[in-house]
Amino acid sequence: MAAQNKSRAGGLHLWRNARLATMAEGVAGLGIVDKGAIAARDGLIVYAGPEADMPSALAQGAATTDCEGRWVTPGLIDCHTHLVHAGNRANEFEMRLAGATYEEVARAGGGIVSSVKSLRAASEDELVAQTLPRLDALMAEGVTTVEVKSGYGLDLGNERKSLRAARQLDKQRPVTVRTTFLGAHALPPEAKGDKDAFVDLVANTILPGIAAEGLADAVDGFCEGIAFSPEQIARVFDKAKALGLPVKLHADQLSNLHGAELAARYGALSADHLEYTDEAGAAAMAKAGTVATILPGAYYFIRETRKPPVGLFRQHGVKMAVATDNNPGTSPLTSLLLTMNMAATLFGLTVEECLAGTTREAARALGLLGQTGTLEAGKSADLAIWDIERPAELVYRMGFNPLHARIWRGQ
């Protein structure tokens with residue numbers, strides 16, 4: 001890719017001779033522009049469209065990059081990860097290969113609680129050091145924005161440590177990080193089985209402490225038989241709303257506790273997993289504007305057999321995002337490109353749905369659609385430039401990375 005560096009008037013950069021998949025809403029398909037250009041000033045897109053229609057003033061004094069006909073999409077967004085964790089759970093993988101279920105592993109003292117022990121034993125610096133290689137793997141495939149959940153600390157000090165580690169990531173790498181507080185993730189050993197008392201601790205002590213330090217952009221919970229009931233999650237969400245924080249929910253992954261409806265009732269940004277969601281849940285999500293985040297990595301890794309109701313989401317007009325769910329126990333996945341292939345192969349998503357799900361709809365699921373996720377004026381200049389002949393290659397290939405260049409905020 002040829003670059004002709006000129007003086008940067010007002011931080012102006014131009015990418016020309018490109019094929020664009022703008023992913024803009026209200027346009028057909030991927031929003032393709034065959035002979036396109038993108039101009040950005042000070043990290044924000046000021047023009048994206050046909051090169052022939054670009055105001056000539058934008059080319060004056062701009063640092064210009066000739067994309068040589070390559071495809072440009074918005075930078076990819078991984079909108080559901082548990083990226084900050086310590087150690088791994090390969091031993092549990094062996095247990096499942098021997099026939100143990102996800103629930104059996106959890107009840108035997110494995111599962112999330114084992115990750116809690118590892119995270120509590122690690123320092124903040126150690127968490128950052130262990131997380132950066134996972135983040136680097138995502139960025140190497142064109143990811144420019146990533147969500148990072150807590151949920152392996154389960155007390156104020158360790159949840160704070162986890163979220164502070166997440167906040168360190170975008171100080172060490174050119175990437176946008178959104179943090180989510182997932183205190184209602186599992187029951188820690190010291191709770192001695194008392195879920196209600198722990199939920200009170202989360203809602204009345206841990207969450208306010210996290211919010212007071214501004215460490216969380218959103219609040220999540222795990223609504224499931226092995227985790228917390230809808231009524232318990234509602235208590236956490238009530239506090240989140242009182243603190244002015246948006247909510248998200250791990251919903252209907254292993255059973256139908258009507259988590260999708262609960263998420264919709266609170267106007268959640270997203271409900272995630274959703275394998276057991278029914279039509280009432282899909283309809284409620286559509287009405288609330290809650291995004292369905294599809295997580296094929298976990299479905300694949302724990303050998304689930306119930307697929308999320310993609311047909312119902314389409315029927316009711318529910319927006320769908322796609323994410324890795326990177327975590328040490330049920331989705332040790334750091335490839336958003338492979339995740340797209342899984343979403344298409346396992347769940348039948350189209351190429352357009354996969355690409356929208358990792359750009360526009362992923363941004364929507366994080367409450368960031370006004371800032372990123374499409375190639376439009378006013379959005380952050382977050383771009384992925386690809387050595388491909390057609391966008392379908394990004395979903396079709398497995399174990400192959402065609403990224404040519406990754407641009408974050410114009411750089």
# chains A, B, ... in the order shown; residues from 1 in each chain; ligands from 1

$ residues_around --residues "Gln168 of chain A" --least-positions-apart "4" --cutoff "8 Å" --atoms "only C-alpha atoms" --output "ChimeraX atom specification"
/A:128,164,172

$ residues_around --residues "Pro208 of chain A" --least-positions-apart "4" --cutoff "9 Å" --atoms "only C-alpha atoms" --output "ChimeraX atom specification"
/A:202-204,212-213,239-240,243

$ residues_around --residues "Gly69 of chain A" --least-positions-apart "6" --cutoff "8 Å" --atoms "only C-alpha atoms" --output "list in words"
Asn17, Ala18, Arg19 and Lys35 of chain A

$ write_last_selection --atoms "N, CA and C atoms" --output "PDB file, in the first residue's frame"
ATOM      1  N   ASN A  17      -8.550   5.302  -3.338  1.00  0.00           N
ATOM      2  CA  ASN A  17      -8.447   4.121  -4.193  1.00  0.00           C
ATOM      3  C   ASN A  17      -8.791   2.859  -3.384  1.00  0.00           C
ATOM      4  N   ALA A  18      -9.919   2.916  -2.707  1.00  0.00           N
ATOM      5  CA  ALA A  18     -10.343   1.824  -1.827  1.00  0.00           C
ATOM      6  C   ALA A  18     -11.739   1.349  -2.200  1.00  0.00           C
ATOM      7  N   ARG A  19     -12.019   0.128  -1.832  1.00  0.00           N
ATOM      8  CA  ARG A  19     -13.387  -0.397  -1.879  1.00  0.00           C
ATOM      9  C   ARG A  19     -13.903  -0.407  -0.441  1.00  0.00           C
ATOM     10  N   LYS A  35     -15.303   2.595  -5.687  1.00  0.00           N
ATOM     11  CA  LYS A  35     -14.145   3.476  -5.836  1.00  0.00           C
ATOM     12  C   LYS A  35     -14.268   4.563  -4.792  1.00  0.00           C
TER      13      LYS A  35
END

$ select_by_dssp --residues "segment 87-173 of chain A" --states "strand (DSSP E)" --output "MDAnalysis selection string"
chainID A and resid 143:149

$ write_last_selection --atoms "C-alpha atoms" --output "tab-separated table (two decimals), in the first residue's frame"
chain	number	residue	atom	x	y	z
A	143	VAL	CA	-10.19	-5.13	16.35
A	144	THR	CA	-10.21	-1.48	17.39
A	145	THR	CA	-12.73	-1.62	20.24
A	146	VAL	CA	-13.10	-4.29	22.92
A	147	GLU	CA	-15.39	-4.73	25.91
A	148	VAL	CA	-13.83	-6.23	29.05
A	149	LYS	CA	-15.89	-7.61	31.94

$ closest_residue --among "A:Ala377, A:Ala234, A:Leu127, A:Leu346" --to "Glu304 of chain A" --atoms "only C-alpha atoms"
A:Leu346

$ select_by_dssp --residues "segment 111-287 of chain A" --states "helix (DSSP H, G or I)" --output "JSON, numbers by chain"
{"A": [112, 113, 114, 115, 116, 117, 118, 119, 120, 121, 124, 125, 126, 127, 128, 129, 130, 131, 132, 133, 134, 135, 136, 137, 138, 139, 156, 157, 158, 159, 160, 161, 162, 163, 164, 165, 166, 167, 168, 169, 170, 171, 172, 189, 190, 191, 195, 196, 197, 198, 199, 200, 201, 202, 203, 204, 205, 206, 207, 208, 209, 210, 211, 212, 230, 231, 232, 233, 234, 235, 236, 237, 238, 239, 240, 241, 242, 259, 260, 261, 262, 263, 264, 265, 279, 280, 281, 282, 283, 284, 285, 286, 287]}

$ closest_residue --among "A:Arg167, A:Arg397, A:Arg303, A:Arg265" --to "Leu337 of chain A" --atoms "only C-alpha atoms"
A:Arg397

$ residues_around --residues "segment 350-362 of chain A" --least-positions-apart "6" --cutoff "8 Å" --atoms "only C-alpha atoms" --output "CSV table (one decimal) with N, CA, C and O atoms, in the first residue's frame"
chain,number,residue,atom,x,y,z
A,23,MET,N,-21.0,-0.2,6.1
A,23,MET,CA,-21.9,-0.8,7.2
A,23,MET,C,-22.9,0.2,7.7
A,23,MET,O,-23.4,0.1,8.8
A,24,ALA,N,-23.1,1.3,7.0
A,24,ALA,CA,-24.0,2.4,7.4
A,24,ALA,C,-25.4,1.9,7.5
A,24,ALA,O,-25.8,1.0,6.6
A,29,GLY,N,-27.4,-3.7,1.9
A,29,GLY,CA,-26.3,-4.6,2.2
A,29,GLY,C,-25.2,-4.0,3.1
A,29,GLY,O,-25.5,-3.5,4.1
A,30,LEU,N,-24.0,-4.2,2.6
A,30,LEU,CA,-22.8,-3.8,3.4
A,30,LEU,C,-22.5,-2.3,3.2
A,30,LEU,O,-21.5,-1.8,3.7
A,74,PRO,N,-15.2,-0.8,8.7
A,74,PRO,CA,-14.9,-0.3,10.1
A,74,PRO,C,-14.0,-1.2,10.9
A,74,PRO,O,-14.0,-2.4,10.6
A,75,GLY,N,-13.2,-0.7,11.8
A,75,GLY,CA,-12.5,-1.5,12.7
A,75,GLY,C,-13.4,-2.5,13.4
A,75,GLY,O,-14.6,-2.1,13.7
A,76,LEU,N,-13.0,-3.7,13.6
A,76,LEU,CA,-13.9,-4.7,14.2
A,76,LEU,C,-14.0,-4.4,15.7
A,76,LEU,O,-13.2,-3.8,16.4
A,77,ILE,N,-15.1,-4.9,16.3
A,77,ILE,CA,-15.5,-4.6,17.7
A,77,ILE,C,-15.8,-5.9,18.3
A,77,ILE,O,-16.7,-6.6,17.9
A,78,ASP,N,-15.1,-6.3,19.4
A,78,ASP,CA,-15.5,-7.5,20.2
A,78,ASP,C,-16.2,-7.0,21.4
A,78,ASP,O,-15.6,-6.4,22.4
A,79,CYS,N,-17.6,-7.2,21.4
A,79,CYS,CA,-18.4,-6.5,22.4
A,79,CYS,C,-18.8,-7.4,23.6
A,79,CYS,O,-19.6,-7.0,24.4
A,291,VAL,N,-29.9,-5.4,22.0
A,291,VAL,CA,-29.2,-6.2,21.0
A,291,VAL,C,-29.0,-7.6,21.5
A,291,VAL,O,-28.8,-7.9,22.6
A,293,THR,N,-26.6,-10.5,21.5
A,293,THR,CA,-25.2,-10.8,21.2
A,293,THR,C,-25.0,-12.3,21.1
A,293,THR,O,-25.2,-13.1,22.1
A,319,LYS,N,-31.7,-6.7,16.5
A,319,LYS,CA,-30.3,-6.5,16.0
A,319,LYS,C,-29.4,-7.6,16.6
A,319,LYS,O,-29.5,-7.9,17.8
A,320,MET,N,-28.5,-8.1,15.9
A,320,MET,CA,-27.6,-9.2,16.3
A,320,MET,C,-26.1,-8.7,16.3
A,320,MET,O,-25.7,-8.3,15.2
A,321,ALA,N,-25.5,-8.9,17.4
A,321,ALA,CA,-24.0,-8.7,17.4
A,321,ALA,C,-23.4,-10.1,17.5
A,321,ALA,O,-24.0,-11.0,17.9
A,322,VAL,N,-22.1,-10.1,17.3
A,322,VAL,CA,-21.3,-11.4,17.3
A,322,VAL,C,-20.0,-11.1,18.1
A,322,VAL,O,-19.3,-10.1,17.8
A,323,ALA,N,-19.7,-11.9,19.1
A,323,ALA,CA,-18.5,-11.6,19.9
A,323,ALA,C,-17.8,-12.9,20.3
A,323,ALA,O,-18.4,-14.0,20.2
A,336,LEU,N,-11.7,-13.0,16.3
A,336,LEU,CA,-13.1,-12.5,16.0
A,336,LEU,C,-13.4,-13.0,14.5
A,336,LEU,O,-14.6,-13.2,14.2
A,340,MET,N,-16.8,-15.2,13.5
A,340,MET,CA,-17.7,-14.9,12.4
A,340,MET,C,-18.0,-16.2,11.7
A,340,MET,O,-19.2,-16.5,11.3
A,343,ALA,N,-20.3,-18.3,13.7
A,343,ALA,CA,-21.7,-17.8,13.7
A,343,ALA,C,-22.4,-18.1,12.4
A,343,ALA,O,-23.6,-18.5,12.4
A,344,ALA,N,-21.7,-18.1,11.3
A,344,ALA,CA,-22.3,-18.5,10.0
A,344,ALA,C,-22.5,-20.0,9.9
A,344,ALA,O,-23.6,-20.5,9.5
A,369,LEU,N,-22.7,3.4,19.2
A,369,LEU,CA,-22.9,3.5,17.8
A,369,LEU,C,-22.8,4.9,17.3
A,369,LEU,O,-22.5,5.2,16.1
A,372,THR,N,-18.6,5.0,16.7
A,372,THR,CA,-17.8,4.0,15.9
A,372,THR,C,-18.7,3.0,15.3
A,372,THR,O,-20.0,3.0,15.5
A,373,GLY,N,-18.2,2.0,14.6
A,373,GLY,CA,-19.0,0.9,14.1
A,373,GLY,C,-19.4,1.0,12.6
A,373,GLY,O,-19.8,0.0,12.0
A,374,THR,N,-19.3,2.2,12.0
A,374,THR,CA,-19.6,2.4,10.6
A,374,THR,C,-18.6,3.4,10.0
A,374,THR,O,-17.9,4.2,10.8
A,391,PRO,N,-15.8,-9.2,0.6
A,391,PRO,CA,-16.0,-9.3,2.0
A,391,PRO,C,-16.3,-10.6,2.6
A,391,PRO,O,-16.0,-10.9,3.7
A,392,ALA,N,-16.9,-11.5,1.8
A,392,ALA,CA,-17.3,-12.8,2.3
A,392,ALA,C,-16.1,-13.6,2.8
A,392,ALA,O,-16.2,-14.5,3.6
A,395,VAL,N,-15.5,-14.0,6.5
A,395,VAL,CA,-16.3,-15.0,7.2
A,395,VAL,C,-16.0,-16.4,6.8
A,395,VAL,O,-16.1,-17.3,7.6

$ residues_around --residues "Ala227 of chain A" --least-positions-apart "2" --cutoff "9 Å" --atoms "only C-alpha atoms" --output "mmCIF file with C-alpha atoms, in the first residue's frame"
data_model
loop_
_atom_site.group_PDB
_atom_site.id
_atom_site.type_symbol
_atom_site.label_atom_id
_atom_site.label_comp_id
_atom_site.auth_asym_id
_atom_site.auth_seq_id
_atom_site.Cartn_x
_atom_site.Cartn_y
_atom_site.Cartn_z
ATOM 1 C CA ALA A 184 -23.246 -10.964 39.945
ATOM 2 C CA HIS A 185 -21.298 -13.609 38.036
ATOM 3 C CA ALA A 186 -20.935 -16.454 40.541
ATOM 4 C CA LEU A 187 -21.019 -17.103 44.263
ATOM 5 C CA LYS A 195 -26.988 -16.022 47.146
ATOM 6 C CA GLY A 221 -25.130 -10.234 35.490
ATOM 7 C CA PHE A 222 -25.386 -13.994 34.954
ATOM 8 C CA CYS A 223 -29.029 -15.037 35.086
ATOM 9 C CA GLU A 224 -29.008 -18.833 35.224
ATOM 10 C CA GLY A 225 -29.837 -21.732 37.517
ATOM 11 C CA SER A 229 -32.340 -15.732 39.585
#

$ residues_around --residues "Ala140 of chain A" --least-positions-apart "2" --cutoff "12 Å" --atoms "only C-alpha atoms" --output "PyMOL selection string"
chain A and resi 75-76+132-138+142-144+173-175+334-337+384-386+400-407

$ closest_residue --among "A:Leu201, A:Ala48, A:Ala280, A:Ala40" --to "Gly259 of chain A" --atoms "only C-alpha atoms"
A:Ala280

$ closest_residue --among "A:Leu312, A:Val72, A:Ala216, A:Ala268" --to "Arg160 of chain A" --atoms "only C-alpha atoms"
A:Ala216

$ closest_residue --among "A:Ala292, A:Ala242, A:Leu394, A:Ile302" --to "Glu94 of chain A" --atoms "only C-alpha atoms"
A:Ile302

$ residues_around --residues "Thr339 of chain A" --least-positions-apart "5" --cutoff "7 Å" --atoms "only C-alpha atoms" --output "PDB file with N, CA, C and O atoms, in the first residue's frame"
ATOM      1  N   PRO A 296     -20.901 -17.829  19.559  1.00  0.00           N
ATOM      2  CA  PRO A 296     -20.735 -19.207  19.095  1.00  0.00           C
ATOM      3  C   PRO A 296     -19.548 -19.926  19.710  1.00  0.00           C
ATOM      4  O   PRO A 296     -19.516 -21.158  19.736  1.00  0.00           O
ATOM      5  N   GLY A 297     -18.556 -19.191  20.207  1.00  0.00           N
ATOM      6  CA  GLY A 297     -17.398 -19.841  20.814  1.00  0.00           C
ATOM      7  C   GLY A 297     -17.779 -20.670  22.010  1.00  0.00           C
ATOM      8  O   GLY A 297     -17.323 -21.815  22.171  1.00  0.00           O
ATOM      9  N   ALA A 323     -19.665 -11.907  19.077  1.00  0.00           N
ATOM     10  CA  ALA A 323     -18.484 -11.639  19.897  1.00  0.00           C
ATOM     11  C   ALA A 323     -17.805 -12.937  20.300  1.00  0.00           C
ATOM     12  O   ALA A 323     -18.391 -14.022  20.206  1.00  0.00           O
ATOM     13  N   THR A 324     -16.558 -12.822  20.766  1.00  0.00           N
ATOM     14  CA  THR A 324     -15.777 -14.020  21.091  1.00  0.00           C
ATOM     15  C   THR A 324     -16.162 -14.644  22.424  1.00  0.00           C
ATOM     16  O   THR A 324     -15.992 -15.843  22.624  1.00  0.00           O
TER      17      THR A 324
END

$ atom_distance --atom1 "atom CA of Phe313 of chain A" --atom2 "atom CA of Ala282 of chain A"
5.9 Å
